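Pasting query_22.cif here (mmCIF, N, CA and C atoms):
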```
data_upload
loop_
_atom_site.label_atom_id
_atom_site.label_comp_id
_atom_site.auth_asym_id
_atom_site.auth_seq_id
_atom_site.Cartn_x
_atom_site.Cartn_y
_atom_site.Cartn_z
N MET V 11 -6.19 32.59 -15.76
CA MET V 11 -6.21 31.80 -14.57
C MET V 11 -5.38 32.48 -13.50
N GLY V 12 -5.87 32.48 -12.26
CA GLY V 12 -5.14 33.08 -11.16
C GLY V 12 -3.89 32.29 -10.83
N GLU V 13 -3.06 32.89 -10.00
CA GLU V 13 -1.78 32.28 -9.66
C GLU V 13 -1.94 30.89 -9.04
N HIS V 14 -2.97 30.69 -8.23
CA HIS V 14 -3.16 29.42 -7.53
C HIS V 14 -4.27 28.56 -8.11
N ALA V 15 -4.86 28.99 -9.21
CA ALA V 15 -5.95 28.23 -9.80
C ALA V 15 -5.39 26.98 -10.48
N ARG V 16 -6.12 25.90 -10.40
CA ARG V 16 -5.71 24.65 -11.03
C ARG V 16 -6.65 24.34 -12.18
N PRO V 17 -6.11 23.92 -13.31
CA PRO V 17 -7.01 23.53 -14.40
C PRO V 17 -7.74 22.25 -14.01
N GLN V 18 -8.96 22.12 -14.48
CA GLN V 18 -9.75 20.91 -14.21
C GLN V 18 -9.30 19.79 -15.14
N LEU V 19 -9.09 18.61 -14.58
CA LEU V 19 -8.71 17.46 -15.39
C LEU V 19 -9.95 16.83 -15.99
N THR V 20 -9.83 16.39 -17.22
CA THR V 20 -10.94 15.68 -17.83
C THR V 20 -11.02 14.30 -17.21
N GLY V 21 -12.15 13.66 -17.34
CA GLY V 21 -12.33 12.32 -16.80
C GLY V 21 -11.32 11.33 -17.35
N ALA V 22 -11.00 11.44 -18.63
CA ALA V 22 -10.03 10.51 -19.25
C ALA V 22 -8.64 10.71 -18.67
N VAL V 23 -8.23 11.97 -18.50
CA VAL V 23 -6.91 12.24 -17.94
C VAL V 23 -6.86 11.79 -16.48
N ARG V 24 -7.89 12.10 -15.74
CA ARG V 24 -7.96 11.70 -14.34
C ARG V 24 -7.92 10.18 -14.22
N GLY V 25 -8.63 9.47 -15.10
CA GLY V 25 -8.63 8.01 -15.09
C GLY V 25 -7.27 7.44 -15.43
N ALA V 26 -6.60 8.02 -16.44
CA ALA V 26 -5.27 7.56 -16.83
C ALA V 26 -4.27 7.79 -15.70
N THR V 27 -4.35 8.93 -15.06
CA THR V 27 -3.45 9.24 -13.96
C THR V 27 -3.67 8.27 -12.81
N GLY V 28 -4.90 7.95 -12.53
CA GLY V 28 -5.22 6.99 -11.48
C GLY V 28 -4.69 5.60 -11.79
N ARG V 29 -4.82 5.18 -13.04
CA ARG V 29 -4.30 3.86 -13.44
C ARG V 29 -2.77 3.82 -13.35
N GLU V 30 -2.12 4.91 -13.76
CA GLU V 30 -0.66 4.97 -13.67
C GLU V 30 -0.21 4.89 -12.21
N ALA V 31 -0.89 5.60 -11.34
CA ALA V 31 -0.55 5.58 -9.91
C ALA V 31 -0.78 4.18 -9.34
N GLU V 32 -1.89 3.56 -9.71
CA GLU V 32 -2.19 2.21 -9.22
C GLU V 32 -1.13 1.21 -9.69
N THR V 33 -0.71 1.33 -10.93
CA THR V 33 0.33 0.45 -11.47
C THR V 33 1.64 0.66 -10.71
N ALA V 34 2.01 1.91 -10.48
CA ALA V 34 3.24 2.22 -9.75
C ALA V 34 3.20 1.65 -8.34
N ILE V 35 2.06 1.76 -7.69
CA ILE V 35 1.92 1.22 -6.33
C ILE V 35 2.05 -0.29 -6.34
N LYS V 36 1.42 -0.96 -7.30
CA LYS V 36 1.51 -2.42 -7.39
C LYS V 36 2.96 -2.87 -7.60
N VAL V 37 3.68 -2.17 -8.47
CA VAL V 37 5.08 -2.51 -8.72
C VAL V 37 5.90 -2.33 -7.45
N LEU V 38 5.69 -1.22 -6.76
CA LEU V 38 6.41 -0.95 -5.52
C LEU V 38 6.13 -2.02 -4.47
N LEU V 39 4.86 -2.37 -4.29
CA LEU V 39 4.49 -3.35 -3.27
C LEU V 39 4.97 -4.76 -3.61
N ALA V 40 5.23 -5.02 -4.86
CA ALA V 40 5.72 -6.34 -5.28
C ALA V 40 7.23 -6.47 -5.12
N ASP V 41 7.91 -5.37 -4.90
CA ASP V 41 9.37 -5.39 -4.75
C ASP V 41 9.75 -6.28 -3.55
N PRO V 42 10.70 -7.20 -3.73
CA PRO V 42 11.09 -8.11 -2.65
C PRO V 42 11.53 -7.39 -1.36
N GLU V 43 12.24 -6.29 -1.49
CA GLU V 43 12.69 -5.56 -0.30
C GLU V 43 11.50 -4.95 0.46
N VAL V 44 10.55 -4.42 -0.28
CA VAL V 44 9.35 -3.85 0.35
C VAL V 44 8.56 -4.96 1.04
N ARG V 45 8.44 -6.11 0.40
CA ARG V 45 7.72 -7.25 0.99
C ARG V 45 8.44 -7.73 2.25
N HIS V 46 9.76 -7.74 2.23
CA HIS V 46 10.55 -8.14 3.40
C HIS V 46 10.31 -7.16 4.55
N LEU V 47 10.38 -5.87 4.25
CA LEU V 47 10.15 -4.86 5.29
C LEU V 47 8.74 -4.95 5.84
N ASP V 48 7.77 -5.20 4.98
CA ASP V 48 6.38 -5.35 5.43
C ASP V 48 6.26 -6.51 6.42
N GLU V 49 6.92 -7.61 6.13
CA GLU V 49 6.89 -8.76 7.03
C GLU V 49 7.61 -8.46 8.34
N GLU V 50 8.71 -7.74 8.29
CA GLU V 50 9.42 -7.35 9.52
C GLU V 50 8.53 -6.46 10.40
N ILE V 51 7.83 -5.54 9.78
CA ILE V 51 6.93 -4.66 10.53
C ILE V 51 5.81 -5.49 11.16
N ARG V 52 5.23 -6.41 10.39
CA ARG V 52 4.16 -7.26 10.91
C ARG V 52 4.64 -8.06 12.12
N LEU V 53 5.81 -8.65 12.02
CA LEU V 53 6.35 -9.45 13.13
C LEU V 53 6.59 -8.59 14.38
N GLU V 54 7.07 -7.37 14.18
CA GLU V 54 7.30 -6.48 15.32
C GLU V 54 5.98 -6.06 15.95
N GLU V 55 4.96 -5.82 15.13
CA GLU V 55 3.65 -5.46 15.67
C GLU V 55 3.06 -6.60 16.51
N VAL V 56 3.26 -7.82 16.06
CA VAL V 56 2.79 -8.98 16.82
C VAL V 56 3.59 -9.12 18.10
N ARG V 57 4.92 -8.95 18.03
CA ARG V 57 5.75 -9.04 19.23
C ARG V 57 5.32 -8.00 20.26
N LEU V 58 5.13 -6.76 19.82
CA LEU V 58 4.69 -5.71 20.73
C LEU V 58 3.29 -5.99 21.26
N GLY V 59 2.42 -6.49 20.41
CA GLY V 59 1.07 -6.84 20.84
C GLY V 59 1.08 -7.88 21.95
N ARG V 60 1.91 -8.91 21.79
CA ARG V 60 2.03 -9.95 22.82
C ARG V 60 2.60 -9.37 24.11
N HIS V 61 3.58 -8.51 23.97
CA HIS V 61 4.20 -7.88 25.14
C HIS V 61 3.18 -7.06 25.93
N LEU V 62 2.30 -6.36 25.22
CA LEU V 62 1.32 -5.49 25.87
C LEU V 62 0.02 -6.20 26.25
N ARG V 63 -0.12 -7.45 25.87
CA ARG V 63 -1.35 -8.19 26.12
C ARG V 63 -1.80 -8.16 27.59
N PRO V 64 -0.91 -8.41 28.54
CA PRO V 64 -1.36 -8.37 29.94
C PRO V 64 -1.94 -7.01 30.34
N ARG V 65 -1.42 -5.96 29.75
CA ARG V 65 -1.89 -4.61 30.08
C ARG V 65 -3.25 -4.29 29.46
N TYR V 66 -3.50 -4.80 28.24
CA TYR V 66 -4.69 -4.38 27.49
C TYR V 66 -5.73 -5.47 27.24
N GLU V 67 -5.48 -6.70 27.61
CA GLU V 67 -6.41 -7.77 27.29
C GLU V 67 -7.81 -7.53 27.86
N ALA V 68 -7.90 -6.96 29.04
CA ALA V 68 -9.22 -6.67 29.62
C ALA V 68 -10.00 -5.69 28.74
N LEU V 69 -9.30 -4.80 28.08
CA LEU V 69 -9.97 -3.84 27.19
C LEU V 69 -10.51 -4.54 25.95
N GLN V 70 -9.83 -5.58 25.49
CA GLN V 70 -10.34 -6.38 24.38
C GLN V 70 -11.64 -7.06 24.78
N HIS V 71 -11.66 -7.61 26.00
CA HIS V 71 -12.88 -8.26 26.49
C HIS V 71 -14.03 -7.26 26.63
N ARG V 72 -13.70 -6.05 27.11
CA ARG V 72 -14.71 -5.00 27.24
C ARG V 72 -15.27 -4.65 25.87
N TYR V 73 -14.41 -4.54 24.86
CA TYR V 73 -14.84 -4.23 23.50
C TYR V 73 -15.76 -5.33 22.96
N GLU V 74 -15.35 -6.58 23.11
CA GLU V 74 -16.15 -7.71 22.60
C GLU V 74 -17.52 -7.75 23.27
N LEU V 75 -17.58 -7.51 24.57
CA LEU V 75 -18.85 -7.48 25.29
C LEU V 75 -19.72 -6.32 24.80
N ALA V 76 -19.11 -5.16 24.60
CA ALA V 76 -19.87 -4.00 24.11
C ALA V 76 -20.45 -4.26 22.73
N VAL V 77 -19.70 -4.94 21.87
CA VAL V 77 -20.20 -5.27 20.54
C VAL V 77 -21.36 -6.25 20.65
N ARG V 78 -21.19 -7.29 21.46
CA ARG V 78 -22.27 -8.30 21.63
C ARG V 78 -23.54 -7.68 22.19
N GLU V 79 -23.37 -6.76 23.14
CA GLU V 79 -24.54 -6.16 23.80
C GLU V 79 -24.98 -4.85 23.13
N ASP V 80 -24.32 -4.47 22.02
CA ASP V 80 -24.65 -3.25 21.30
C ASP V 80 -24.61 -2.04 22.24
N ASP V 81 -23.56 -1.99 23.07
CA ASP V 81 -23.39 -0.94 24.08
C ASP V 81 -22.68 0.26 23.47
N HIS V 82 -23.46 1.20 22.95
CA HIS V 82 -22.90 2.36 22.28
C HIS V 82 -22.17 3.30 23.24
N THR V 83 -22.50 3.26 24.51
CA THR V 83 -21.83 4.10 25.49
C THR V 83 -20.35 3.75 25.55
N VAL V 84 -20.02 2.48 25.58
CA VAL V 84 -18.61 2.05 25.58
C VAL V 84 -17.99 2.30 24.22
N LEU V 85 -18.67 1.89 23.17
CA LEU V 85 -18.10 1.97 21.82
C LEU V 85 -17.80 3.39 21.37
N GLN V 86 -18.60 4.35 21.79
CA GLN V 86 -18.37 5.73 21.33
C GLN V 86 -17.14 6.37 21.95
N HIS V 87 -16.59 5.76 23.01
CA HIS V 87 -15.40 6.32 23.65
C HIS V 87 -14.11 5.62 23.22
N LEU V 88 -14.22 4.67 22.31
CA LEU V 88 -13.04 3.95 21.85
C LEU V 88 -12.33 4.71 20.74
N CYS V 89 -11.11 4.31 20.48
CA CYS V 89 -10.30 4.89 19.41
C CYS V 89 -11.11 4.90 18.12
N ALA V 90 -11.10 6.02 17.45
CA ALA V 90 -11.89 6.15 16.22
C ALA V 90 -11.11 5.74 14.98
N GLY V 91 -9.88 5.26 15.14
CA GLY V 91 -9.08 4.85 13.99
C GLY V 91 -9.78 3.76 13.21
N LYS V 92 -9.68 3.82 11.90
CA LYS V 92 -10.34 2.85 11.02
C LYS V 92 -9.35 1.77 10.63
N HIS V 93 -9.15 0.82 11.51
CA HIS V 93 -8.16 -0.21 11.27
C HIS V 93 -8.80 -1.53 10.87
N GLY V 94 -10.13 -1.56 10.79
CA GLY V 94 -10.85 -2.79 10.50
C GLY V 94 -10.54 -3.40 9.16
N GLU V 95 -10.18 -2.59 8.18
CA GLU V 95 -9.85 -3.11 6.84
C GLU V 95 -8.67 -4.07 6.92
N TRP V 96 -7.80 -3.88 7.89
CA TRP V 96 -6.65 -4.76 8.07
C TRP V 96 -6.93 -5.82 9.13
N GLY V 97 -8.18 -5.98 9.51
CA GLY V 97 -8.54 -6.97 10.51
C GLY V 97 -8.17 -6.54 11.91
N ARG V 98 -8.00 -5.25 12.12
CA ARG V 98 -7.60 -4.73 13.42
C ARG V 98 -8.61 -3.69 13.89
N ILE V 99 -8.99 -3.80 15.13
CA ILE V 99 -9.82 -2.78 15.75
C ILE V 99 -9.11 -2.38 17.02
N CYS V 100 -8.76 -1.12 17.16
CA CYS V 100 -8.11 -0.65 18.37
C CYS V 100 -9.15 -0.60 19.48
N VAL V 101 -8.82 -1.18 20.63
CA VAL V 101 -9.79 -1.27 21.72
C VAL V 101 -9.49 -0.28 22.85
N LEU V 102 -8.54 0.61 22.63
CA LEU V 102 -8.21 1.59 23.66
C LEU V 102 -9.13 2.80 23.55
N LYS V 103 -9.14 3.61 24.61
CA LYS V 103 -9.98 4.80 24.60
C LYS V 103 -9.43 5.84 23.63
N ALA V 104 -10.31 6.64 23.08
CA ALA V 104 -9.92 7.71 22.17
C ALA V 104 -8.90 8.61 22.84
N GLY V 105 -7.91 9.07 22.09
CA GLY V 105 -6.91 9.97 22.61
C GLY V 105 -5.67 9.28 23.17
N HIS V 106 -5.62 7.98 23.10
CA HIS V 106 -4.49 7.24 23.66
C HIS V 106 -3.21 7.39 22.87
N GLU V 107 -3.29 7.81 21.61
CA GLU V 107 -2.17 7.78 20.67
C GLU V 107 -0.96 8.59 21.13
N SER V 108 -1.15 9.59 21.98
CA SER V 108 0.00 10.39 22.42
C SER V 108 0.84 9.65 23.45
N VAL V 109 0.30 8.59 24.06
CA VAL V 109 1.01 7.86 25.10
C VAL V 109 1.22 6.39 24.73
N ASP V 110 0.21 5.77 24.16
CA ASP V 110 0.24 4.34 23.89
C ASP V 110 -0.01 4.06 22.40
N PRO V 111 0.55 2.95 21.90
CA PRO V 111 0.24 2.55 20.53
C PRO V 111 -1.19 2.04 20.45
N HIS V 112 -1.68 1.86 19.24
CA HIS V 112 -2.96 1.18 19.06
C HIS V 112 -2.76 -0.27 19.51
N TRP V 113 -3.82 -0.90 20.02
CA TRP V 113 -3.71 -2.30 20.44
C TRP V 113 -5.04 -2.99 20.18
N GLY V 114 -4.96 -4.21 19.70
CA GLY V 114 -6.16 -5.00 19.47
C GLY V 114 -5.78 -6.40 19.06
N ILE V 115 -6.70 -7.08 18.44
CA ILE V 115 -6.50 -8.45 17.98
C ILE V 115 -6.58 -8.42 16.45
N ASP V 116 -5.65 -9.11 15.78
CA ASP V 116 -5.69 -9.12 14.31
C ASP V 116 -6.67 -10.18 13.81
N GLU V 117 -6.78 -10.30 12.48
CA GLU V 117 -7.75 -11.20 11.87
C GLU V 117 -7.47 -12.67 12.21
N GLU V 118 -6.26 -12.97 12.68
CA GLU V 118 -5.91 -14.34 13.06
C GLU V 118 -6.08 -14.57 14.56
N GLY V 119 -6.55 -13.56 15.28
CA GLY V 119 -6.76 -13.68 16.72
C GLY V 119 -5.53 -13.42 17.56
N GLN V 120 -4.47 -12.93 16.94
CA GLN V 120 -3.25 -12.61 17.67
C GLN V 120 -3.31 -11.19 18.20
N PRO V 121 -2.76 -10.95 19.40
CA PRO V 121 -2.66 -9.56 19.85
C PRO V 121 -1.68 -8.83 18.95
N VAL V 122 -1.98 -7.59 18.65
CA VAL V 122 -1.13 -6.80 17.78
C VAL V 122 -1.16 -5.34 18.23
N ALA V 123 -0.01 -4.70 18.18
CA ALA V 123 0.08 -3.28 18.53
C ALA V 123 0.75 -2.57 17.37
N TRP V 124 0.31 -1.37 17.07
CA TRP V 124 0.87 -0.63 15.94
C TRP V 124 0.83 0.85 16.23
N VAL V 125 1.73 1.56 15.56
CA VAL V 125 1.84 3.00 15.70
C VAL V 125 1.40 3.62 14.39
N GLY V 126 0.72 4.73 14.48
CA GLY V 126 0.31 5.43 13.28
C GLY V 126 -1.11 5.05 12.87
N SER V 127 -1.55 5.71 11.84
CA SER V 127 -2.91 5.53 11.37
C SER V 127 -2.93 4.75 10.08
N ALA V 128 -4.01 4.07 9.86
CA ALA V 128 -4.22 3.38 8.59
C ALA V 128 -4.55 4.44 7.54
N PRO V 129 -4.28 4.15 6.27
CA PRO V 129 -4.52 5.15 5.22
C PRO V 129 -5.95 5.66 5.16
N ASP V 130 -6.93 4.85 5.58
CA ASP V 130 -8.31 5.34 5.48
C ASP V 130 -8.73 6.20 6.67
N ASP V 131 -7.79 6.55 7.56
CA ASP V 131 -8.10 7.47 8.65
C ASP V 131 -8.25 8.89 8.14
N ASP V 132 -7.63 9.19 7.01
CA ASP V 132 -7.65 10.57 6.49
C ASP V 132 -8.94 10.90 5.83
#
```

Turn this file's structure into structure tokens for me.
Amino acid sequence: MGEHARPQLTGAVRGATGREAETAIKVLLADPEVRHLDEEIRLEEVRLGRHLRPRYEALQHRYELAVREDDHTVLQHLCAGKHGEWGRICVLKAGHESVDPHWGIDEEGQPVAWVGSAPDDD
């Protein structure tokens, strides 16, 4: 085997490794401190979302109208981040991340702003 070659994992080993990782993640996410920090982050995202609402609310309306009218011209220029799994769709134009946070409405209808990408962006 070459210096950088990796051995192929069998399906059983790959499955066991995946289950171990999933178990470790579940344990970590259940930790009270992690849950507390998660709630603090959520509250700050809502606070920032409310603060930015006057600036971005018209963009939310533009997004909703584009979805209703199936206006691909508007939709294709929006942020491509995949935040829908968390009930969030960023309604800003693509490329905004260097200046502005993501902004949209969460699954409860609250304005929310967040920094960074969701795990499924990769």

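Note that the spacing between atom CA of Asp81 of chain V and atom C of Leu69 of chain V amounts to 13.5 Å.
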
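If you apply the PyMOL selection byres (((chain V and resi 62 and name CA) around 12) and name CA) to this structure, you end up with Glu55, Val56, Arg57, Leu58, Gly59, Arg60, His61, Arg63, Pro64, Arg65, Tyr66, Glu67, Ala68, Leu69, Gln70, Asp110, Pro111, His112, Trp113, Gly114, Ile115, Gln120, Pro121, Val122, Ala123 and Trp124 of chain V.
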
Discussion item. Based on the backbone DSSP call, show me all residues of segment 48-128 of chain V assigned strand (DSSP E), as a PyMOL selection string.
Written reply: chain V and resi 112-115+121-124

Worksheet item: Written as a list in words, which residues does the PyMOL selection byres ((chain V and resi 87) around 6) give for the file shown?
Response: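 Expected selection for the PyMOL selection byres ((chain V and resi 87) around 6) here is Thr83, Val84, Leu85, Gln86, Leu88, Cys89, Leu102, Lys103 and Ala104 of chain V.
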
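Between atom CA of Asp48 of chain V and atom CA of Tyr73 of chain V lies a distance of 27.9 Å.
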
Discussion item. Just to confirm, what's the straight-line distance from atom C of Val101 of chain V to atom CA of Ile51 of chain V in Å (one decimal)?
Written reply: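 Computing it gives 21.0 Å between the two atoms.
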